[in-house]
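Colleague: A single structure is presented below for examination.
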Amino acid sequence: MGIGNVRLRRLFFLLSLGLSLTVVAMAAYVVRGAWREVHQATAGLESMQELRALLIAGEMAARERRLTDALLGDTMPDESLKRGQLRAARQVADAAFDTLEHVLYSAAESRESTHQAVLLARRHLDEARQSADVLDLKGPAARSPEELRAAASQMVGVIDDLAPAGGVLANDASARFPTATDALAGARQAALLRAYAGLLGSQLTAPLSTRQPLTPEERMTIDRLHGRIDQLRQQLMVGAASVEARPSIQAAAKIMLTRYFNSALPFLEKQADIGMHDGRYEVSTTDFITRYGPGLDAIVILRDALLGEAMADAHQGLEQARRAALWTVAGTALMLLLLVATWWLLHRRVVRPLTRTTELIVTIAQGHLDVDVPLPRHRDEVADMLGAIAVLRDNSIARRAADDAIRQMAYYDRLTGLPNRRLLEDRMQQVLAVAKRQHAKVSVLFIDLDKFKQVNDEQGHEAGDWLLQQVAQRMRAVLRASDTAARVGGDEFVVLLPDAVHLDDAVHVAEKIRLQMENPFTMDDGVTLDISSSIGVAMYPDQADNPRDLLRFGDEAMYKAKRRGRNAIEVFAAQDELGGAQR
């Protein structure tokens with residue numbers, strides 16, 4: 001398999017992997033966001049359900065308080081009936097608190113503060129019941145106004161315990177469902193109005209029971225509660241009008257105005273006026289609760305209507321979030337499927353054919369011209385490319401033959417097959433450049449054959465040519481693959497030793513060559529040719545730092561060997577250059 005093929009496939013794989021991971025990460029982020037919206041909507045709906053259960057529990061506790069006030073604050077002979085009604089109210093209140101606790105513990109998000117508030121309210125409710133039972137056993141005549149006020153206060157405290165938890169749940173639901181904010185705010189205001197209205201009614205329990213005027217503290221409390229109730233009335237009417245003018249809200253608001261503000265509240269104000277003067281009330285505690293209670297129930301109707309609208313918005317929002325999440329998941333799955341299909345088609349119809357043709361091109365470019373070009377299966381762009389590759393291969397075969405012939409003539413000696421001077425100088429440039437970067441040394445041997453002219457004169461040029469070929473063979477026999485032996489003249493040779501970094505190494509190679517040349521050369525007809533060699537040695541960079549001077553100094557050393565009797569080896573020295581200049 002060609003290198004180009006591997007790289008292309010790897011690149012395609014990496015790009016596909018990167019794109020896939022990016023798409024998957026983005027898809028996961030989008031899907032996660034969609035399901036987070038579902039979770040937020042579910043949690044918001046649960047908050048509303050918890051808020052409704054909490055308000056119902058508070059309402060049941062308030063109804064129990066009214067019946068407790070009726071039992072403790074009246075002297076009528078029907079106390080057994082009242083006790084039966086109170087027991088039933090307590091059972092209903094307990095059931096409401098049980099439901100509240102179940103809803104809280106079943107919610108996906110646990111709110112410890114809300115749990116603690118409910119537990120505290122239930123404990124206070126039990127304590128208030130115990131206090132009420134103790135007062136009931138005393139009998140009407142033995143109950144003091146202070147004890148009645150304390151009992152009423154204990155029952156009111158149960159509602160106060162639940163109020164902070166209701167605020168937390170309402171705020172949480174509003175944060176998750178901004179469209180239901182107005183309805184939730186109205187429901188909470190209605191719950192507060194119901195609590196304040198009930199507390200206002202409780203202020204008359206003790207005075208009605210004891211038939212005494214209101215105390216200054218009770219008067220102040222009634223005035224304060226009355227002002228707070230008026231404020232909540234205004235807020236509720238504005239809020240009810242802003243909830244898209246829904247008929248159910250408008251109808252519930254009208255019922256509240258009629259039953260509480262136009263009937264129950266004026267009735268209470270009349271009794272309060274009597275209590276502020278002589279305390280000669282027109283009704284008993286039971287009559288007061290009977291006439292005042294329906295007005296409180298009308299407030300609850302508005303509260304439930306507002307809360308119902310908020311929960312309807314929550315259900316709608318949850319359904320929208322679920323549909324959006326499902327569409328997101330489906331779209332994401334389709335996108336990933338299209339991505340896989342696109343990757344498969346690109347790999348099958350583009351990348352794989354392209355890598356195969358690239359493999360053929362790279363194989364041909366590397367010189368393997370015997371490669372078979374497969375026949376295309378279809379007449380398409382790939383088929384055209386394969387045809388072009390076949391032509392390229394045939395042209396490359398022809399070009400290689402021509403290039404080999406030209407190169408052989410341009411860079412190699414025709415007789416010996418050794419590199420010529422041109423190729424030698426090119427290799428010297430490369431070797432010296434590497435040696436310069438690596439701070440290494442290079443050796444050059446300049447060789448001249450002794451008595452070669454005599455062989456030509458006595459035996460003829462054919463014998464001389466044969467002798468040069470044999471000399472080339474003997475040089476190759478003693479040299480390494482990294483060494484270069486070149487014929488640079490008639491009987492002159494140069495050996496480049498890139499690995500001979502020490503002078504002794506170069507001299508050792510020169511000695512092996514000299515010994516090879518000293519041995520007789522026997523021709524096929526039995527004629528023996530005796531020659532020898534004179535060898536000059538030069539080192540880079542000790543004697544020269546460029547190819548021209550290195551060859552020149554090697555030549556100077558070689559001539560010094562000839563002057564000293566031939567068949568010798570000489571190493572270039574500075575005085576050799578001076579002697580060469582005089583020659």
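In the structure tokens, chains take the letters A, B, ... in the order shown, each chain's residues start at 1, and ligands count up from 1 in the order shown.
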What's around range 420-423 of chain A at 12 Å? Count only C-alpha atoms, leave out sequence neighbours fewer than 6 positions away in its own chain, and write the answer as a VMD selection string.
Modeller: chain A and resid 407 to 414 429 to 430 484 to 490 492 to 496 547 to 548 551
Colleague: What parts of range 540-571 of chain A does DSSP call strand (DSSP E)? I'd like the answer as a compact mmCIF listing (two decimals) with N, CA and C atoms, in the first residue's frame.
Modeller:
# COMPACT_ATOMS: atom_id res chain seq x y z
N TYR A 540 39.56 17.02 4.23
CA TYR A 540 38.67 18.16 4.50
C TYR A 540 38.28 18.10 5.98
N ILE A 569 52.47 6.36 -1.70
CA ILE A 569 51.34 7.16 -1.16
C ILE A 569 51.92 8.37 -0.47
N GLU A 570 51.36 9.54 -0.79
CA GLU A 570 51.81 10.78 -0.16
C GLU A 570 50.60 11.55 0.36
N VAL A 571 50.77 12.18 1.53
CA VAL A 571 49.73 13.02 2.12
C VAL A 571 50.08 14.47 1.87
Colleague: From the set A:Ala310, A:Glu458, A:Asp491, A:Ile364, which residue has the shortest atom-to-atom contact distance to Thr416 in chain A, counting only C-alpha atoms?
Modeller: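 Closest to Thr416 in chain A, using only C-alpha atoms: A:Asp491.
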Colleague: With the cut-off set at 12 Å and counting only C-alpha atoms, tabulate each residue of range 246-357 of chain A with an atom at most that distance from an atom of range 45-66 of chain A, showing the nearest atom pair and its distance in Å to one decimal, ordered by chain and increasing number, as CSV.
Modeller:
residue,atom,partner,partner_atom,distance
A:Thr285,CA,A:Arg66,CA,9.9
A:Thr286,CA,A:Arg66,CA,9.2
A:Asp287,CA,A:Arg66,CA,11.6
A:Phe288,CA,A:Arg66,CA,10.1
A:Ile289,CA,A:Arg66,CA,6.8
A:Thr290,CA,A:Arg66,CA,9.2
A:Arg291,CA,A:Arg66,CA,11.6
A:Tyr292,CA,A:Arg66,CA,9.9
A:Gly293,CA,A:Arg66,CA,8.0
A:Pro294,CA,A:Arg63,CA,11.0
A:Leu296,CA,A:Arg63,CA,9.6
A:Asp297,CA,A:Glu59,CA,9.3
A:Ile299,CA,A:Glu59,CA,10.8
A:Val300,CA,A:Glu59,CA,8.1
A:Ile301,CA,A:Glu59,CA,11.4
A:Arg303,CA,A:Leu55,CA,9.1
A:Asp304,CA,A:Arg52,CA,8.2
A:Ala305,CA,A:Arg52,CA,11.2
A:Leu306,CA,A:Arg52,CA,10.7
A:Leu307,CA,A:Arg52,CA,7.3
A:Gly308,CA,A:Arg52,CA,9.0
A:Glu309,CA,A:Met48,CA,10.8
A:Ala310,CA,A:Met48,CA,7.9
A:Met311,CA,A:Met48,CA,6.5
A:Ala312,CA,A:Leu45,CA,9.4
A:Asp313,CA,A:Leu45,CA,9.2
A:Ala314,CA,A:Leu45,CA,5.7
A:His315,CA,A:Leu45,CA,7.0
A:Gln316,CA,A:Leu45,CA,10.1
A:Gly317,CA,A:Leu45,CA,9.2
A:Leu318,CA,A:Leu45,CA,7.9
A:Glu319,CA,A:Leu45,CA,11.2
Colleague: Any idea what's packed within 12 Å of Leu125 in chain A, counting only C-alpha atoms, ignoring anything in its chain fewer than 5 positions away? Could you give it as JSON, numbers by chain?
Modeller: {"A": [57, 58, 60, 61, 62, 64, 65, 68, 90, 93, 94, 97, 118, 119, 120, 130, 131, 132, 151, 152, 153, 154, 155, 156, 157, 158, 159, 160, 161, 162]}
Colleague: Would you mind exporting N, CA and C atoms of the selected residues as a PDB file, in the first residue's frame?
Modeller:
ATOM      1  N   ALA A  57     -53.843  22.129  52.598  1.00  0.00           N
ATOM      2  CA  ALA A  57     -53.594  21.769  53.998  1.00  0.00           C
ATOM      3  C   ALA A  57     -53.821  22.971  54.903  1.00  0.00           C
ATOM      4  N   GLY A  58     -53.343  24.135  54.470  1.00  0.00           N
ATOM      5  CA  GLY A  58     -53.574  25.335  55.268  1.00  0.00           C
ATOM      6  C   GLY A  58     -55.051  25.689  55.364  1.00  0.00           C
ATOM      7  N   MET A  60     -57.563  23.561  55.190  1.00  0.00           N
ATOM      8  CA  MET A  60     -58.227  22.612  56.093  1.00  0.00           C
ATOM      9  C   MET A  60     -57.919  22.941  57.557  1.00  0.00           C
ATOM     10  N   ALA A  61     -56.687  23.398  57.808  1.00  0.00           N
ATOM     11  CA  ALA A  61     -56.347  23.808  59.172  1.00  0.00           C
ATOM     12  C   ALA A  61     -57.161  25.034  59.584  1.00  0.00           C
ATOM     13  N   ALA A  62     -57.406  25.958  58.620  1.00  0.00           N
ATOM     14  CA  ALA A  62     -58.209  27.143  58.918  1.00  0.00           C
ATOM     15  C   ALA A  62     -59.663  26.775  59.209  1.00  0.00           C
ATOM     16  N   GLU A  64     -60.639  23.920  60.420  1.00  0.00           N
ATOM     17  CA  GLU A  64     -60.633  23.308  61.748  1.00  0.00           C
ATOM     18  C   GLU A  64     -60.595  24.394  62.823  1.00  0.00           C
ATOM     19  N   ARG A  65     -59.873  25.450  62.568  1.00  0.00           N
ATOM     20  CA  ARG A  65     -59.798  26.550  63.542  1.00  0.00           C
ATOM     21  C   ARG A  65     -61.170  27.185  63.734  1.00  0.00           C
ATOM     22  N   THR A  68     -63.147  24.974  65.862  1.00  0.00           N
ATOM     23  CA  THR A  68     -62.620  25.024  67.232  1.00  0.00           C
ATOM     24  C   THR A  68     -63.110  26.289  67.940  1.00  0.00           C
ATOM     25  N   ARG A  90     -60.905  17.644  61.755  1.00  0.00           N
ATOM     26  CA  ARG A  90     -59.530  17.235  62.051  1.00  0.00           C
ATOM     27  C   ARG A  90     -59.091  16.088  61.137  1.00  0.00           C
ATOM     28  N   ALA A  93     -58.293  17.595  57.846  1.00  0.00           N
ATOM     29  CA  ALA A  93     -57.018  18.322  57.907  1.00  0.00           C
ATOM     30  C   ALA A  93     -55.848  17.346  57.923  1.00  0.00           C
ATOM     31  N   ASP A  94     -55.966  16.260  58.703  1.00  0.00           N
ATOM     32  CA  ASP A  94     -54.885  15.262  58.727  1.00  0.00           C
ATOM     33  C   ASP A  94     -54.675  14.645  57.349  1.00  0.00           C
ATOM     34  N   PHE A  97     -52.784  17.092  55.225  1.00  0.00           N
ATOM     35  CA  PHE A  97     -51.358  17.122  55.557  1.00  0.00           C
ATOM     36  C   PHE A  97     -50.666  15.844  55.078  1.00  0.00           C
ATOM     37  N   VAL A 118     -43.454  21.973  57.021  1.00  0.00           N
ATOM     38  CA  VAL A 118     -44.674  21.170  57.138  1.00  0.00           C
ATOM     39  C   VAL A 118     -44.670  20.384  58.444  1.00  0.00           C
ATOM     40  N   LEU A 119     -43.528  19.792  58.776  1.00  0.00           N
ATOM     41  CA  LEU A 119     -43.432  19.051  60.032  1.00  0.00           C
ATOM     42  C   LEU A 119     -43.674  19.966  61.233  1.00  0.00           C
ATOM     43  N   LEU A 120     -43.114  21.195  61.167  1.00  0.00           N
ATOM     44  CA  LEU A 120     -43.317  22.153  62.255  1.00  0.00           C
ATOM     45  C   LEU A 120     -44.792  22.543  62.367  1.00  0.00           C
ATOM     46  N   GLN A 130     -54.357  19.887  71.376  1.00  0.00           N
ATOM     47  CA  GLN A 130     -54.297  19.499  72.789  1.00  0.00           C
ATOM     48  C   GLN A 130     -54.775  20.641  73.689  1.00  0.00           C
ATOM     49  N   SER A 131     -54.330  21.860  73.377  1.00  0.00           N
ATOM     50  CA  SER A 131     -54.770  23.023  74.172  1.00  0.00           C
ATOM     51  C   SER A 131     -56.279  23.209  74.058  1.00  0.00           C
ATOM     52  N   ALA A 132     -56.816  23.031  72.833  1.00  0.00           N
ATOM     53  CA  ALA A 132     -58.263  23.189  72.646  1.00  0.00           C
ATOM     54  C   ALA A 132     -59.031  22.120  73.408  1.00  0.00           C
ATOM     55  N   ALA A 151     -55.614  30.048  72.498  1.00  0.00           N
ATOM     56  CA  ALA A 151     -55.991  28.905  71.662  1.00  0.00           C
ATOM     57  C   ALA A 151     -56.137  29.335  70.208  1.00  0.00           C
ATOM     58  N   ALA A 152     -56.808  30.485  69.994  1.00  0.00           N
ATOM     59  CA  ALA A 152     -56.958  30.982  68.626  1.00  0.00           C
ATOM     60  C   ALA A 152     -55.604  31.309  68.010  1.00  0.00           C
ATOM     61  N   SER A 153     -54.713  31.880  68.831  1.00  0.00           N
ATOM     62  CA  SER A 153     -53.385  32.237  68.337  1.00  0.00           C
ATOM     63  C   SER A 153     -52.596  31.003  67.920  1.00  0.00           C
ATOM     64  N   GLN A 154     -52.741  29.916  68.694  1.00  0.00           N
ATOM     65  CA  GLN A 154     -52.038  28.685  68.337  1.00  0.00           C
ATOM     66  C   GLN A 154     -52.495  28.149  66.984  1.00  0.00           C
ATOM     67  N   MET A 155     -53.785  28.209  66.738  1.00  0.00           N
ATOM     68  CA  MET A 155     -54.291  27.725  65.450  1.00  0.00           C
ATOM     69  C   MET A 155     -53.818  28.613  64.303  1.00  0.00           C
ATOM     70  N   VAL A 156     -53.775  29.917  64.552  1.00  0.00           N
ATOM     71  CA  VAL A 156     -53.265  30.838  63.525  1.00  0.00           C
ATOM     72  C   VAL A 156     -51.794  30.565  63.245  1.00  0.00           C
ATOM     73  N   GLY A 157     -51.048  30.183  64.273  1.00  0.00           N
ATOM     74  CA  GLY A 157     -49.620  29.909  64.098  1.00  0.00           C
ATOM     75  C   GLY A 157     -49.355  28.784  63.119  1.00  0.00           C
ATOM     76  N   VAL A 158     -50.304  27.854  63.006  1.00  0.00           N
ATOM     77  CA  VAL A 158     -50.140  26.765  62.037  1.00  0.00           C
ATOM     78  C   VAL A 158     -50.070  27.325  60.621  1.00  0.00           C
ATOM     79  N   ILE A 159     -50.951  28.283  60.329  1.00  0.00           N
ATOM     80  CA  ILE A 159     -50.951  28.913  59.011  1.00  0.00           C
ATOM     81  C   ILE A 159     -49.660  29.698  58.786  1.00  0.00           C
ATOM     82  N   ASP A 160     -49.198  30.368  59.824  1.00  0.00           N
ATOM     83  CA  ASP A 160     -47.958  31.136  59.710  1.00  0.00           C
ATOM     84  C   ASP A 160     -46.768  30.234  59.414  1.00  0.00           C
ATOM     85  N   ASP A 161     -46.785  29.003  59.981  1.00  0.00           N
ATOM     86  CA  ASP A 161     -45.680  28.062  59.716  1.00  0.00           C
ATOM     87  C   ASP A 161     -45.599  27.690  58.238  1.00  0.00           C
ATOM     88  N   LEU A 162     -46.747  27.613  57.583  1.00  0.00           N
ATOM     89  CA  LEU A 162     -46.777  27.172  56.182  1.00  0.00           C
ATOM     90  C   LEU A 162     -46.502  28.312  55.198  1.00  0.00           C
TER      91      LEU A 162
END
Colleague: Measuring atom to atom with only C-alpha atoms, identify which of A:Gln271, A:Ser482, A:Gln189, A:Thr179 is nearest to Asp230 in chain A.
Modeller: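 Nearest candidate to Asp230 in chain A out of A:Gln271, A:Ser482, A:Gln189, A:Thr179: A:Gln189.
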Colleague: Expressed in Å to a single decimal, how great is the separation between CA of Ala187 in chain A and CA of Glu218 in chain A?
Modeller: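 Answer for the CA of Ala187 in chain A to CA of Glu218 in chain A separation: 28.3 Å.
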